[in-house]
file my_file.cif (mmCIF, C-alpha atoms)
data_work
#
loop_
_atom_site.label_atom_id
_atom_site.label_comp_id
_atom_site.auth_asym_id
_atom_site.auth_seq_id
_atom_site.Cartn_x
_atom_site.Cartn_y
_atom_site.Cartn_z
CA MET A 1 70.35 35.95 91.54
CA ILE A 2 72.38 37.06 94.56
CA LYS A 3 74.44 39.31 92.29
CA LEU A 4 71.27 40.90 90.91
CA LEU A 5 69.97 41.51 94.41
CA GLN A 6 73.32 42.98 95.40
CA LYS A 7 73.26 45.32 92.38
CA PHE A 8 69.72 46.39 93.22
CA LEU A 9 70.69 47.13 96.83
CA ASN A 10 73.80 49.04 95.70
CA LYS A 11 71.67 51.16 93.36
CA PHE A 12 69.07 51.71 96.06
CA VAL A 13 71.68 52.89 98.55
CA ARG A 14 73.29 55.09 95.92
CA ASN A 15 69.96 56.64 95.07
CA LEU A 16 69.57 57.56 98.72
CA PHE A 17 72.90 59.36 98.52
CA LYS A 18 71.86 61.02 95.27
CA LYS A 19 68.89 62.56 96.97
CA LYS A 20 71.15 63.90 99.69
CA LYS A 21 73.58 65.12 96.99
CA HIS A 22 76.35 64.44 99.45
CA ILE A 23 78.62 61.61 98.51
CA LYS A 24 81.92 59.99 99.37
CA LEU A 25 84.17 60.57 96.38
CA GLY A 26 87.35 58.52 96.22
CA LEU A 27 90.58 59.16 94.35
CA TYR A 28 92.11 55.84 93.34
CA GLY A 29 94.96 54.71 91.15
CA PRO A 30 98.53 53.46 91.04
CA PRO A 31 101.29 55.39 92.87
CA ASN A 32 102.50 58.63 91.30
CA GLY A 33 99.48 59.09 89.05
CA GLY A 34 98.73 62.45 90.63
CA LYS A 35 95.90 61.66 93.05
CA THR A 36 97.10 64.05 95.75
CA THR A 37 97.93 66.75 93.21
CA LEU A 38 94.37 66.49 91.92
CA ALA A 39 92.99 66.42 95.48
CA ASN A 40 94.98 69.59 96.22
CA ARG A 41 93.72 71.20 93.01
CA ILE A 42 90.07 70.43 93.89
CA CYS A 43 90.54 71.67 97.46
CA GLN A 44 92.34 74.82 96.30
CA ASP A 45 89.61 75.55 93.75
CA TRP A 46 86.70 75.13 96.16
CA LEU A 47 88.09 75.51 99.68
CA GLY A 48 91.22 77.60 99.12
CA GLU A 49 93.48 75.13 100.93
CA ASP A 50 95.63 72.06 100.23
CA MET A 51 94.73 68.51 101.21
CA GLY A 52 98.08 66.71 101.38
CA THR A 53 101.68 66.67 100.28
CA ALA A 54 102.49 65.53 96.75
CA SER A 55 105.93 64.23 95.80
CA SER A 56 107.75 62.71 92.85
CA ILE A 57 108.76 59.78 95.08
CA ALA A 58 106.15 57.01 94.97
CA HIS A 59 103.97 56.24 98.00
CA GLU A 60 104.07 59.78 99.41
CA THR A 61 100.46 59.29 100.53
CA ARG A 62 100.48 56.30 102.85
CA GLU A 63 97.33 56.98 104.82
CA ILE A 64 93.76 57.64 103.74
CA GLN A 65 93.17 61.42 103.74
CA ILE A 66 89.66 62.83 103.97
CA LYS A 67 88.51 66.36 103.29
CA GLU A 68 84.95 66.80 104.42
CA GLN A 69 82.27 69.01 102.93
CA VAL A 70 83.71 70.00 99.58
CA ASN A 71 81.00 71.87 97.66
CA ILE A 72 81.37 72.43 93.95
CA LYS A 73 79.07 74.38 91.64
CA SER A 74 78.69 74.25 87.89
CA LYS A 75 75.93 75.60 85.64
CA GLY A 76 73.48 76.07 88.51
CA LYS A 77 74.08 72.58 89.88
CA GLU A 78 75.67 71.88 93.23
CA LEU A 79 77.49 68.84 94.48
CA SER A 80 78.69 68.23 97.98
CA PHE A 81 81.12 65.44 98.84
CA ASN A 82 83.72 64.14 101.22
CA LEU A 83 86.90 63.79 99.20
CA VAL A 84 88.91 60.67 100.02
CA ASP A 85 92.52 60.61 98.80
CA THR A 86 93.86 57.05 98.96
CA PRO A 87 97.40 55.64 98.88
CA GLY A 88 98.46 54.31 95.48
CA ILE A 89 97.73 50.66 94.85
CA ALA A 90 100.71 48.49 93.89
CA THR A 91 101.52 44.78 93.75
CA LYS A 92 105.12 45.21 94.95
CA ILE A 93 106.96 47.49 97.33
CA ASP A 94 110.73 47.37 97.74
CA TYR A 95 112.41 49.66 100.27
CA GLU A 96 115.56 49.62 98.11
CA GLU A 97 113.68 51.61 95.49
CA PHE A 98 113.24 54.40 98.05
CA ILE A 99 116.97 54.27 98.88
CA LYS A 100 117.69 54.79 95.18
CA GLN A 101 115.58 57.94 95.40
CA GLY A 102 117.84 59.28 98.14
CA ILE A 103 115.97 58.20 101.26
CA LYS A 104 118.04 56.74 104.13
CA GLU A 105 117.73 52.99 104.78
CA LYS A 106 115.87 53.23 108.09
CA GLU A 107 113.40 55.75 106.71
CA ALA A 108 113.06 53.71 103.47
CA LYS A 109 112.11 50.57 105.42
CA LYS A 110 109.59 52.55 107.47
CA ARG A 111 108.16 54.10 104.33
CA ALA A 112 107.85 50.68 102.66
CA LYS A 113 106.03 49.23 105.68
CA GLU A 114 103.63 52.16 105.81
CA ALA A 115 103.10 51.91 102.05
CA THR A 116 102.02 48.25 102.28
CA LYS A 117 99.51 49.19 104.97
CA GLY A 118 98.32 52.06 102.78
CA VAL A 119 97.59 49.70 99.88
CA ILE A 120 95.62 47.39 102.19
CA ASP A 121 93.59 50.36 103.49
CA SER A 122 92.87 51.61 99.97
CA ILE A 123 91.44 48.23 98.98
CA LYS A 124 89.41 47.99 102.20
CA TRP A 125 87.90 51.43 101.55
CA LEU A 126 86.64 50.47 98.09
CA ASP A 127 83.34 49.32 99.55
CA ASP A 128 82.71 52.71 101.19
CA MET A 129 82.85 54.81 98.02
CA ASP A 130 79.80 56.27 96.27
CA ALA A 131 81.79 57.38 93.20
CA VAL A 132 85.45 57.14 92.25
CA ILE A 133 87.89 59.10 90.14
CA VAL A 134 90.61 56.78 88.89
CA VAL A 135 93.68 58.92 88.34
CA LEU A 136 96.04 57.51 85.72
CA ASP A 137 99.32 58.88 84.46
CA ALA A 138 98.56 59.43 80.76
CA THR A 139 102.23 59.02 79.84
CA LEU A 140 102.29 55.40 81.03
CA ASP A 141 100.95 52.10 79.68
CA PRO A 142 97.27 51.96 80.77
CA TYR A 143 97.11 48.14 80.55
CA SER A 144 98.81 47.64 83.90
CA GLN A 145 97.06 45.00 85.97
CA VAL A 146 96.67 47.38 88.91
CA ASN A 147 94.58 49.73 86.73
CA ILE A 148 92.49 46.85 85.43
CA THR A 149 91.98 45.39 88.91
CA ILE A 150 90.94 48.73 90.42
CA ILE A 151 88.47 49.51 87.65
CA GLY A 152 87.18 45.92 87.56
CA ASN A 153 86.54 45.98 91.29
CA LEU A 154 84.66 49.27 91.06
CA ALA A 155 82.54 47.82 88.25
CA ALA A 156 81.87 44.67 90.29
CA ARG A 157 80.66 46.90 93.13
CA ASP A 158 78.57 48.99 90.73
CA ILE A 159 80.38 52.19 91.74
CA PRO A 160 80.38 54.99 89.12
CA VAL A 161 83.85 55.69 87.71
CA LEU A 162 85.45 58.68 86.02
CA ILE A 163 88.94 58.16 84.65
CA ALA A 164 91.17 61.21 84.90
CA ALA A 165 93.99 60.89 82.37
CA ASN A 166 96.45 63.09 84.20
CA LYS A 167 99.67 64.81 83.12
CA VAL A 168 98.39 65.79 79.66
CA ASP A 169 100.80 68.72 79.79
CA LEU A 170 103.58 66.21 79.07
CA LYS A 171 104.50 65.35 75.47
CA LYS A 172 104.31 61.59 75.96
CA ALA A 173 100.73 61.75 77.28
CA SER A 174 98.07 59.87 75.32
CA ILE A 175 94.40 60.13 76.29
CA LYS A 176 93.54 57.89 73.33
CA LYS A 177 95.49 54.96 74.76
CA ILE A 178 93.52 55.19 78.00
CA GLU A 179 90.23 55.54 76.13
CA SER A 180 90.97 52.43 74.07
CA ALA A 181 92.03 50.47 77.17
CA PHE A 182 88.80 51.35 79.01
CA PRO A 183 86.24 52.08 76.28
CA GLN A 184 83.21 51.67 78.53
CA TYR A 185 84.24 54.52 80.87
CA GLU A 186 84.23 58.31 80.74
CA VAL A 187 87.79 59.58 80.32
CA VAL A 188 88.81 63.19 80.79
CA GLY A 189 92.31 64.46 80.06
CA ILE A 190 93.63 66.87 82.68
CA SER A 191 96.75 68.34 84.12
CA ALA A 192 96.17 68.51 87.86
CA LYS A 193 99.48 70.28 88.30
CA TYR A 194 98.67 73.16 85.93
CA GLY A 195 94.87 73.12 86.27
CA LYS A 196 94.35 72.24 82.60
CA ASN A 197 90.84 71.15 81.53
CA LEU A 198 89.50 71.20 85.06
CA ASP A 199 86.17 72.76 83.98
CA GLU A 200 85.40 69.73 81.83
CA PHE A 201 86.56 67.52 84.68
CA TYR A 202 84.08 69.14 87.10
CA GLU A 203 81.27 68.77 84.58
CA MET A 204 82.06 65.08 84.18
CA LEU A 205 82.10 64.78 87.95
CA PHE A 206 78.50 66.00 88.07
CA LYS A 207 77.63 63.51 85.35
CA ILE A 208 78.96 60.43 87.15
CA SER A 209 77.72 61.54 90.56
CA GLY A 210 74.16 61.65 89.31
CA MET B 1 117.28 29.46 86.40
CA VAL B 2 113.63 30.42 86.27
CA THR B 3 110.90 27.86 86.92
CA ILE B 4 107.60 28.30 85.14
CA GLN B 5 104.71 26.28 86.50
CA PHE B 6 101.53 25.77 84.53
CA LEU B 7 98.44 25.50 86.68
CA PRO B 8 95.29 24.11 85.06
CA TYR B 9 92.05 25.70 86.25
CA SER B 10 90.98 22.34 87.74
CA GLU B 11 93.69 22.87 90.40
CA ILE B 12 91.91 25.88 91.84
CA ASP B 13 88.35 25.21 90.75
CA GLN B 14 87.23 23.60 94.00
CA LEU B 15 89.17 25.93 96.28
CA THR B 16 87.69 28.84 98.22
CA SER B 17 88.84 32.37 97.35
CA ILE B 18 91.30 32.30 100.24
CA GLY B 19 92.54 28.87 99.12
CA ARG B 20 93.12 30.09 95.56
CA ILE B 21 95.05 33.13 96.72
CA ARG B 22 97.09 31.01 99.14
CA LYS B 23 97.99 28.51 96.42
CA LEU B 24 99.11 31.20 93.97
CA LEU B 25 101.06 33.13 96.57
CA ASN B 26 102.78 30.02 97.92
CA LEU B 27 103.98 29.07 94.44
CA THR B 28 105.19 32.62 93.84
CA LYS B 29 107.05 32.59 97.14
CA GLU B 30 108.83 29.45 95.95
CA ASN B 31 110.25 31.73 93.23
CA LYS B 32 108.10 30.21 90.51
CA ILE B 33 106.42 32.02 87.66
CA VAL B 34 102.87 30.74 87.54
CA VAL B 35 100.84 30.48 84.35
CA LEU B 36 97.26 29.85 85.39
CA GLN B 37 94.62 28.66 82.97
CA GLY B 38 91.76 31.08 83.54
CA ARG B 39 91.56 33.96 85.97
CA LEU B 40 90.57 34.98 89.43
CA LYS B 41 87.40 36.91 90.13
CA LYS B 42 87.88 40.68 90.29
CA GLU B 43 87.37 40.66 94.05
CA GLU B 44 89.92 37.85 94.37
CA GLU B 45 92.46 39.88 92.38
CA ALA B 46 92.07 42.73 94.88
CA GLU B 47 92.31 40.25 97.75
CA LEU B 48 95.49 38.81 96.21
CA ILE B 49 97.06 42.27 96.19
CA LYS B 50 95.94 42.85 99.78
CA THR B 51 97.35 39.52 100.99
CA THR B 52 100.59 40.15 99.08
CA MET B 53 100.99 43.46 100.89
CA GLU B 54 100.42 41.77 104.25
CA GLU B 55 103.24 39.33 103.54
CA ILE B 56 105.91 41.66 102.19
CA ASN B 57 109.19 41.37 104.08
CA ARG B 58 112.96 41.38 103.46
CA GLU B 59 112.82 38.37 101.14
CA PHE B 60 109.42 38.78 99.56
CA LYS B 61 109.00 42.13 97.75
CA GLY B 62 105.64 41.43 96.19
CA ILE B 63 104.42 40.13 92.85
CA GLU B 64 104.02 41.06 89.22
CA LEU B 65 100.66 40.07 87.82
CA SER B 66 98.92 40.19 84.49
CA VAL B 67 95.74 38.72 83.11
CA ILE B 68 94.70 38.27 79.50
CA TYR B 69 90.95 38.59 79.16
CA PRO B 70 89.75 37.24 75.80
CA GLU B 71 86.95 39.79 75.62
CA GLU B 72 89.52 42.59 75.94
CA TYR B 73 91.22 41.44 72.77
CA ASN B 74 87.97 41.17 70.85
CA ASN B 75 86.66 44.51 72.11
CA ALA B 76 89.66 46.08 70.49
CA THR B 77 89.84 44.15 67.24
CA GLY B 78 86.97 41.74 66.73
CA SER B 79 83.96 41.92 64.46
CA LEU B 80 80.44 41.98 65.91
CA PHE B 81 80.03 38.29 65.13
CA SER B 82 83.28 37.30 66.85
CA LYS B 83 82.36 39.46 69.85
CA MET B 84 79.01 37.67 70.13
CA ARG B 85 80.60 34.25 69.66
CA ASP B 86 83.27 34.95 72.26
CA GLY B 87 80.70 36.43 74.61
CA MET B 88 78.86 33.11 74.50
CA VAL B 89 82.05 31.10 74.97
CA ASN B 90 82.98 33.32 77.92
CA SER B 91 79.63 32.90 79.59
CA LEU B 92 80.00 29.11 79.22
CA LEU B 93 83.61 28.96 80.38
CA GLY B 94 83.29 31.64 83.07
CA ASP B 95 86.58 32.19 84.86
CA ARG B 96 88.27 29.42 82.85
CA ALA B 97 88.61 31.85 79.94
CA GLY B 98 91.80 33.87 79.79
CA ILE B 99 95.27 33.36 81.20
CA THR B 100 96.82 34.70 84.39
CA VAL B 101 100.56 35.11 84.74
CA LEU B 102 102.20 35.99 88.02
CA GLY B 103 105.64 35.82 89.51
CA PRO B 104 107.72 37.17 92.38
CA ALA B 105 108.86 40.77 92.00
CA SER B 106 112.41 39.62 92.82
CA ILE B 107 112.45 37.70 89.50
CA VAL B 108 109.85 39.39 87.31
CA LYS B 109 110.66 43.03 86.71
CA ALA B 110 107.54 43.79 84.70
CA ILE B 111 104.84 42.20 82.62
CA LYS B 112 103.81 44.36 79.70
CA LYS B 113 100.52 43.85 77.97
CA ASP B 114 99.59 45.36 74.65
CA PRO B 115 96.80 43.72 75.10
CA HIS B 116 97.26 41.00 72.45
CA LYS B 117 100.35 39.54 74.02
CA LEU B 118 102.26 39.52 77.27
CA ASN B 119 105.94 40.43 77.49
CA MET B 120 107.63 39.35 80.67
CA LEU B 121 110.82 41.12 81.65
CA THR B 122 112.86 39.21 84.21
CA ILE B 123 115.62 40.47 86.44
CA GLU B 124 118.90 38.90 85.44
CA ALA B 125 120.21 36.18 87.71
CA GLU B 126 123.45 38.08 88.29
CA SER B 127 121.76 41.15 89.67
CA ARG B 128 119.65 38.88 91.91
CA LYS B 129 122.83 37.26 93.28
CA ARG B 130 124.33 40.67 93.93
CA LYS B 131 121.19 41.67 95.85
CA LYS B 132 121.33 38.47 97.92
CA LYS B 133 124.99 39.03 98.84
CA ARG B 134 124.13 42.45 100.15
#
call {"tool": "encode", "arguments": {"input": "my_file.cif", "output": "structure tokens"}}
result
Amino acid sequence: MIKLLQKFLNKFVRNLFKKKKHIKLGLYGPPNGGKTTLANRICQDWLGEDMGTASSIAHETREIQIKEQVNIKSKGKELSFNLVDTPGIATKIDYEEFIKQGIKEKEAKKRAKEATKGVIDSIKWLDDMDAVIVVLDATLDPYSQVNITIIGNLAARDIPVLIAANKVDLKKASIKKIESAFPQYEVVGISAKYGKNLDEFYEMLFKISG
Amino acid sequence: MVTIQFLPYSEIDQLTSIGRIRKLLNLTKENKIVVLQGRLKKEEEAELIKTTMEEINREFKGIELSVIYPEEYNNATGSLFSKMRDGMVNSLLGDRAGITVLGPASIVKAIKKDPHKLNMLTIEAESRKRKKKR
């Protein structure tokens, strides 16, 4: 009964946002999926500027980044949102992994500490989102528990989800694997780095944002 | 040597969410691989990750976690009848359905799910010793 009431309230609040057509859109996912690359792509497309720094070393984004007032247009429709780029969610962080990537010990320890705080912040911010794009690396196994936990938590909060299967420019990428892992969600294959299939991505964004 | 501890759902059934997370994390920090009958709620899974992050230090690098959800298996392979039957069983069993496996990241390198089975890859004892010496 309480759950039903909670769902009703969530929907009610979301409908209020729908009318405003201004939402908080979150980018979630495990580290190195391409969240910041996609955030940069969206911001470049619609604002002509970058949002953050992307890197091949995991946990480059360790603080929540917000770009306010992003307006996108497609087929006569308009959507306005605050884009929230979140640190990658992980269940383990070892500073020695950063050392292996060529970072000095002191900096690696600092990075690891900041990364743990980043994960905590990402989870805390889940409640504030009106819609979420889960960015997954399409070359990796989609059945990782982090993916399942993120998507399960969004479902439990009744937050609309679009799964962006990123890095489809790579040979190993498989959109099908992601679709079969999460059959109840919209999945769109993209390459944030090269801007591949972004038109379909924006259309899907309109769809999930109401 | 790796210790695997089986935890029946009755061990966590009466605990609060914080109590459940504490119990699982404490066992993991004792370098045990925990096989829990059933699963945590989705919100508890997120809370477990959050608490893990809060407790990461020199010795404790985090956890590896995987959950087998019976409905996941049937969504992929089952017939309509088996989906309905398992849906009913799930609604009766609630969080008792499924299996949760977790272990310390210093021992468990990865848990791969396909999703019909879990493969746990552990870090060899030798490389753990070498890490400790350092």
call {"tool": "resolve_selection", "arguments": {"input": "my_file.cif", "expression": "the PyMOL selection byres ((chain A) within 9 of (chain B))", "output": "list in words"}}
result
Ile89, Ala90, Thr91, Lys92, Ile93, Asp94, Tyr95, Lys113, Ala115, Thr116, Lys117, Val119, Ile120, Asp121, Ile123, Lys124, Asp141, Tyr143, Ser144, Gln145, Val146, Thr149, Ile150, Gly152, Asn153, Ala156, Ser180, Ala181 and Pro183 of chain A
call {"tool": "axis_aligned_box", "arguments": {"input": "my_file.cif", "around": "segment 101-107 of chain B", "padding_each_side": "8 Å", "output": "lines of an AutoDock Vina configuration file"}}
result
center_x = 106.5
center_y = 37.9
center_z = 88.8
size_x = 27.9
size_y = 21.7
size_z = 24.1
call {"tool": "residues_around", "arguments": {"input": "my_file.cif", "residues": "Val135 of chain A", "least_positions_apart": "3", "cutoff": "9 Å", "atoms": "all atoms listed in the file", "output": "ChimeraX atom specification"}}
result
/A:27-30,33-35,38,162-166
call {"tool": "atom_distance", "arguments": {"input": "my_file.cif", "atom1": "atom CA of Ala108 of chain A", "atom2": "atom CA of Ile107 of chain B"}}
result
21.3 Å
call {"tool": "closest_residue", "arguments": {"input": "my_file.cif", "among": "A:Val70, A:Arg41, A:Gly210, A:Glu78", "to": "Lys196 of chain A", "atoms": "only C-alpha atoms"}}
result
A:Arg41
call {"tool": "atom_distance", "arguments": {"input": "my_file.cif", "atom1": "atom CA of Asn32 of chain A", "atom2": "atom CA of Val101 of chain B"}}
result
24.5 Å
call {"tool": "closest_residue", "arguments": {"input": "my_file.cif", "among": "A:Ile208, A:Ala138, A:Ala131, A:Val84", "to": "Lys67 of chain A", "atoms": "all atoms listed in the file"}}
result
A:Val84
call {"tool": "residues_around", "arguments": {"input": "my_file.cif", "residues": "Ser55 of chain A", "least_positions_apart": "2", "cutoff": "10 Å", "atoms": "all atoms listed in the file", "output": "VMD selection string"}}
result
chain A and resid 32 34 36 to 37 52 to 53 57 to 61
call {"tool": "write_last_selection", "arguments": {"input": "my_file.cif", "atoms": "C-alpha atoms", "output": "PDB file, in the frame of the given file"}}
result
ATOM      1  CA  ASN A  32     102.500  58.630  91.300  1.00  0.00           C
ATOM      2  CA  GLY A  34      98.730  62.450  90.630  1.00  0.00           C
ATOM      3  CA  THR A  36      97.100  64.050  95.750  1.00  0.00           C
ATOM      4  CA  THR A  37      97.930  66.750  93.210  1.00  0.00           C
ATOM      5  CA  GLY A  52      98.080  66.710 101.380  1.00  0.00           C
ATOM      6  CA  THR A  53     101.680  66.670 100.280  1.00  0.00           C
ATOM      7  CA  ILE A  57     108.760  59.780  95.080  1.00  0.00           C
ATOM      8  CA  ALA A  58     106.150  57.010  94.970  1.00  0.00           C
ATOM      9  CA  HIS A  59     103.970  56.240  98.000  1.00  0.00           C
ATOM     10  CA  GLU A  60     104.070  59.780  99.410  1.00  0.00           C
ATOM     11  CA  THR A  61     100.460  59.290 100.530  1.00  0.00           C
TER      12      THR A  61
END
call {"tool": "atom_distance", "arguments": {"input": "my_file.cif", "atom1": "atom CA of Asp137 of chain A", "atom2": "atom CA of Leu121 of chain B"}}
result
21.3 Å
call {"tool": "resolve_selection", "arguments": {"input": "my_file.cif", "expression": "the PyMOL selection byres ((chain B and resi 98) around 8)", "output": "list in words"}}
result
Gln37, Gly38, Arg39, Val67, Ile68, Tyr69, Pro70, Asp95, Arg96, Ala97, Ile99 and Thr100 of chain B
call {"tool": "resolve_selection", "arguments": {"input": "my_file.cif", "expression": "the PyMOL selection byres ((chain A and resi 46) around 12)", "output": "list in words"}}
result
Ala39, Asn40, Arg41, Ile42, Cys43, Gln44, Asp45, Leu47, Gly48, Glu49, Asp50, Met51, Lys67, Glu68, Gln69, Val70, Asn71, Ile72, Lys73, Ser74, Glu78, Leu79, Ser80, Phe81, Leu83 and Tyr202 of chain A
call {"tool": "write_last_selection", "arguments": {"input": "my_file.cif", "atoms": "C-alpha atoms", "output": "PDB file, in the frame of the given file"}}
result
ATOM      1  CA  ALA A  39      92.990  66.420  95.480  1.00  0.00           C
ATOM      2  CA  ASN A  40      94.980  69.590  96.220  1.00  0.00           C
ATOM      3  CA  ARG A  41      93.720  71.200  93.010  1.00  0.00           C
ATOM      4  CA  ILE A  42      90.070  70.430  93.890  1.00  0.00           C
ATOM      5  CA  CYS A  43      90.540  71.670  97.460  1.00  0.00           C
ATOM      6  CA  GLN A  44      92.340  74.820  96.300  1.00  0.00           C
ATOM      7  CA  ASP A  45      89.610  75.550  93.750  1.00  0.00           C
ATOM      8  CA  LEU A  47      88.090  75.510  99.680  1.00  0.00           C
ATOM      9  CA  GLY A  48      91.220  77.600  99.120  1.00  0.00           C
ATOM     10  CA  GLU A  49      93.480  75.130 100.930  1.00  0.00           C
ATOM     11  CA  ASP A  50      95.630  72.060 100.230  1.00  0.00           C
ATOM     12  CA  MET A  51      94.730  68.510 101.210  1.00  0.00           C
ATOM     13  CA  LYS A  67      88.510  66.360 103.290  1.00  0.00           C
ATOM     14  CA  GLU A  68      84.950  66.800 104.420  1.00  0.00           C
ATOM     15  CA  GLN A  69      82.270  69.010 102.930  1.00  0.00           C
ATOM     16  CA  VAL A  70      83.710  70.000  99.580  1.00  0.00           C
ATOM     17  CA  ASN A  71      81.000  71.870  97.660  1.00  0.00           C
ATOM     18  CA  ILE A  72      81.370  72.430  93.950  1.00  0.00           C
ATOM     19  CA  LYS A  73      79.070  74.380  91.640  1.00  0.00           C
ATOM     20  CA  SER A  74      78.690  74.250  87.890  1.00  0.00           C
ATOM     21  CA  GLU A  78      75.670  71.880  93.230  1.00  0.00           C
ATOM     22  CA  LEU A  79      77.490  68.840  94.480  1.00  0.00           C
ATOM     23  CA  SER A  80      78.690  68.230  97.980  1.00  0.00           C
ATOM     24  CA  PHE A  81      81.120  65.440  98.840  1.00  0.00           C
ATOM     25  CA  LEU A  83      86.900  63.790  99.200  1.00  0.00           C
ATOM     26  CA  TYR A 202      84.080  69.140  87.100  1.00  0.00           C
TER      27      TYR A 202
END
call {"tool": "residues_around", "arguments": {"input": "my_file.cif", "residues": "Arg20 of chain B", "least_positions_apart": "6", "cutoff": "10 Å", "atoms": "only C-alpha atoms", "output": "PyMOL selection string"}}
result
chain B and resi 11-14+26+40+44+48
call {"tool": "decode", "arguments": {"input": "my_file.cif", "residues": "segment 63-78 of chain A", "atoms": "N, CA, C and O atoms", "output": "PDB file, in the first residue's frame"}}
result
ATOM      1  N   GLU A  63      33.444  13.975  -9.072  1.00  0.00           N
ATOM      2  CA  GLU A  63      32.457  14.860  -8.455  1.00  0.00           C
ATOM      3  C   GLU A  63      31.274  14.982  -9.397  1.00  0.00           C
ATOM      4  O   GLU A  63      31.430  14.874 -10.619  1.00  0.00           O
ATOM      5  N   ILE A  64      30.099  15.220  -8.816  1.00  0.00           N
ATOM      6  CA  ILE A  64      28.913  15.439  -9.643  1.00  0.00           C
ATOM      7  C   ILE A  64      29.105  16.723 -10.451  1.00  0.00           C
ATOM      8  O   ILE A  64      29.489  17.754  -9.901  1.00  0.00           O
ATOM      9  N   GLN A  65      28.873  16.650 -11.751  1.00  0.00           N
ATOM     10  CA  GLN A  65      28.994  17.830 -12.619  1.00  0.00           C
ATOM     11  C   GLN A  65      27.601  18.168 -13.156  1.00  0.00           C
ATOM     12  O   GLN A  65      26.897  17.262 -13.600  1.00  0.00           O
ATOM     13  N   ILE A  66      27.256  19.434 -13.096  1.00  0.00           N
ATOM     14  CA  ILE A  66      25.926  19.824 -13.595  1.00  0.00           C
ATOM     15  C   ILE A  66      26.058  20.900 -14.669  1.00  0.00           C
ATOM     16  O   ILE A  66      26.775  21.885 -14.489  1.00  0.00           O
ATOM     17  N   LYS A  67      25.372  20.662 -15.770  1.00  0.00           N
ATOM     18  CA  LYS A  67      25.276  21.713 -16.800  1.00  0.00           C
ATOM     19  C   LYS A  67      23.810  22.121 -16.859  1.00  0.00           C
ATOM     20  O   LYS A  67      22.935  21.319 -17.163  1.00  0.00           O
ATOM     21  N   GLU A  68      23.580  23.370 -16.526  1.00  0.00           N
ATOM     22  CA  GLU A  68      22.187  23.828 -16.452  1.00  0.00           C
ATOM     23  C   GLU A  68      21.672  24.302 -17.811  1.00  0.00           C
ATOM     24  O   GLU A  68      22.449  24.720 -18.667  1.00  0.00           O
ATOM     25  N   GLN A  69      20.375  24.215 -17.944  1.00  0.00           N
ATOM     26  CA  GLN A  69      19.660  24.752 -19.111  1.00  0.00           C
ATOM     27  C   GLN A  69      20.186  24.250 -20.457  1.00  0.00           C
ATOM     28  O   GLN A  69      20.622  25.032 -21.299  1.00  0.00           O
ATOM     29  N   VAL A  70      20.148  22.945 -20.623  1.00  0.00           N
ATOM     30  CA  VAL A  70      20.467  22.392 -21.945  1.00  0.00           C
ATOM     31  C   VAL A  70      19.127  22.250 -22.677  1.00  0.00           C
ATOM     32  O   VAL A  70      18.202  21.614 -22.162  1.00  0.00           O
ATOM     33  N   ASN A  71      19.007  22.889 -23.827  1.00  0.00           N
ATOM     34  CA  ASN A  71      17.763  22.801 -24.600  1.00  0.00           C
ATOM     35  C   ASN A  71      18.013  22.027 -25.880  1.00  0.00           C
ATOM     36  O   ASN A  71      18.883  22.387 -26.662  1.00  0.00           O
ATOM     37  N   ILE A  72      17.224  20.957 -26.065  1.00  0.00           N
ATOM     38  CA  ILE A  72      17.389  20.218 -27.320  1.00  0.00           C
ATOM     39  C   ILE A  72      16.064  20.244 -28.096  1.00  0.00           C
ATOM     40  O   ILE A  72      14.989  20.310 -27.508  1.00  0.00           O
ATOM     41  N   LYS A  73      16.187  20.205 -29.407  1.00  0.00           N
ATOM     42  CA  LYS A  73      15.004  20.263 -30.272  1.00  0.00           C
ATOM     43  C   LYS A  73      15.040  19.106 -31.256  1.00  0.00           C
ATOM     44  O   LYS A  73      16.099  18.761 -31.780  1.00  0.00           O
ATOM     45  N   SER A  74      13.879  18.520 -31.471  1.00  0.00           N
ATOM     46  CA  SER A  74      13.792  17.458 -32.473  1.00  0.00           C
ATOM     47  C   SER A  74      12.357  17.377 -32.970  1.00  0.00           C
ATOM     48  O   SER A  74      11.426  17.267 -32.170  1.00  0.00           O
ATOM     49  N   LYS A  75      12.181  17.432 -34.278  1.00  0.00           N
ATOM     50  CA  LYS A  75      10.869  17.325 -34.924  1.00  0.00           C
ATOM     51  C   LYS A  75       9.825  18.231 -34.269  1.00  0.00           C
ATOM     52  O   LYS A  75       8.732  17.783 -33.892  1.00  0.00           O
ATOM     53  N   GLY A  76      10.179  19.487 -34.066  1.00  0.00           N
ATOM     54  CA  GLY A  76       9.235  20.461 -33.530  1.00  0.00           C
ATOM     55  C   GLY A  76       9.031  20.393 -32.028  1.00  0.00           C
ATOM     56  O   GLY A  76       8.325  21.218 -31.448  1.00  0.00           O
ATOM     57  N   LYS A  77       9.651  19.383 -31.386  1.00  0.00           N
ATOM     58  CA  LYS A  77       9.520  19.275 -29.929  1.00  0.00           C
ATOM     59  C   LYS A  77      10.757  19.894 -29.273  1.00  0.00           C
ATOM     60  O   LYS A  77      11.826  19.960 -29.865  1.00  0.00           O
ATOM     61  N   GLU A  78      10.558  20.335 -28.049  1.00  0.00           N
ATOM     62  CA  GLU A  78      11.664  20.954 -27.326  1.00  0.00           C
ATOM     63  C   GLU A  78      11.761  20.375 -25.926  1.00  0.00           C
ATOM     64  O   GLU A  78      10.746  20.134 -25.277  1.00  0.00           O
TER      65      GLU A  78
END
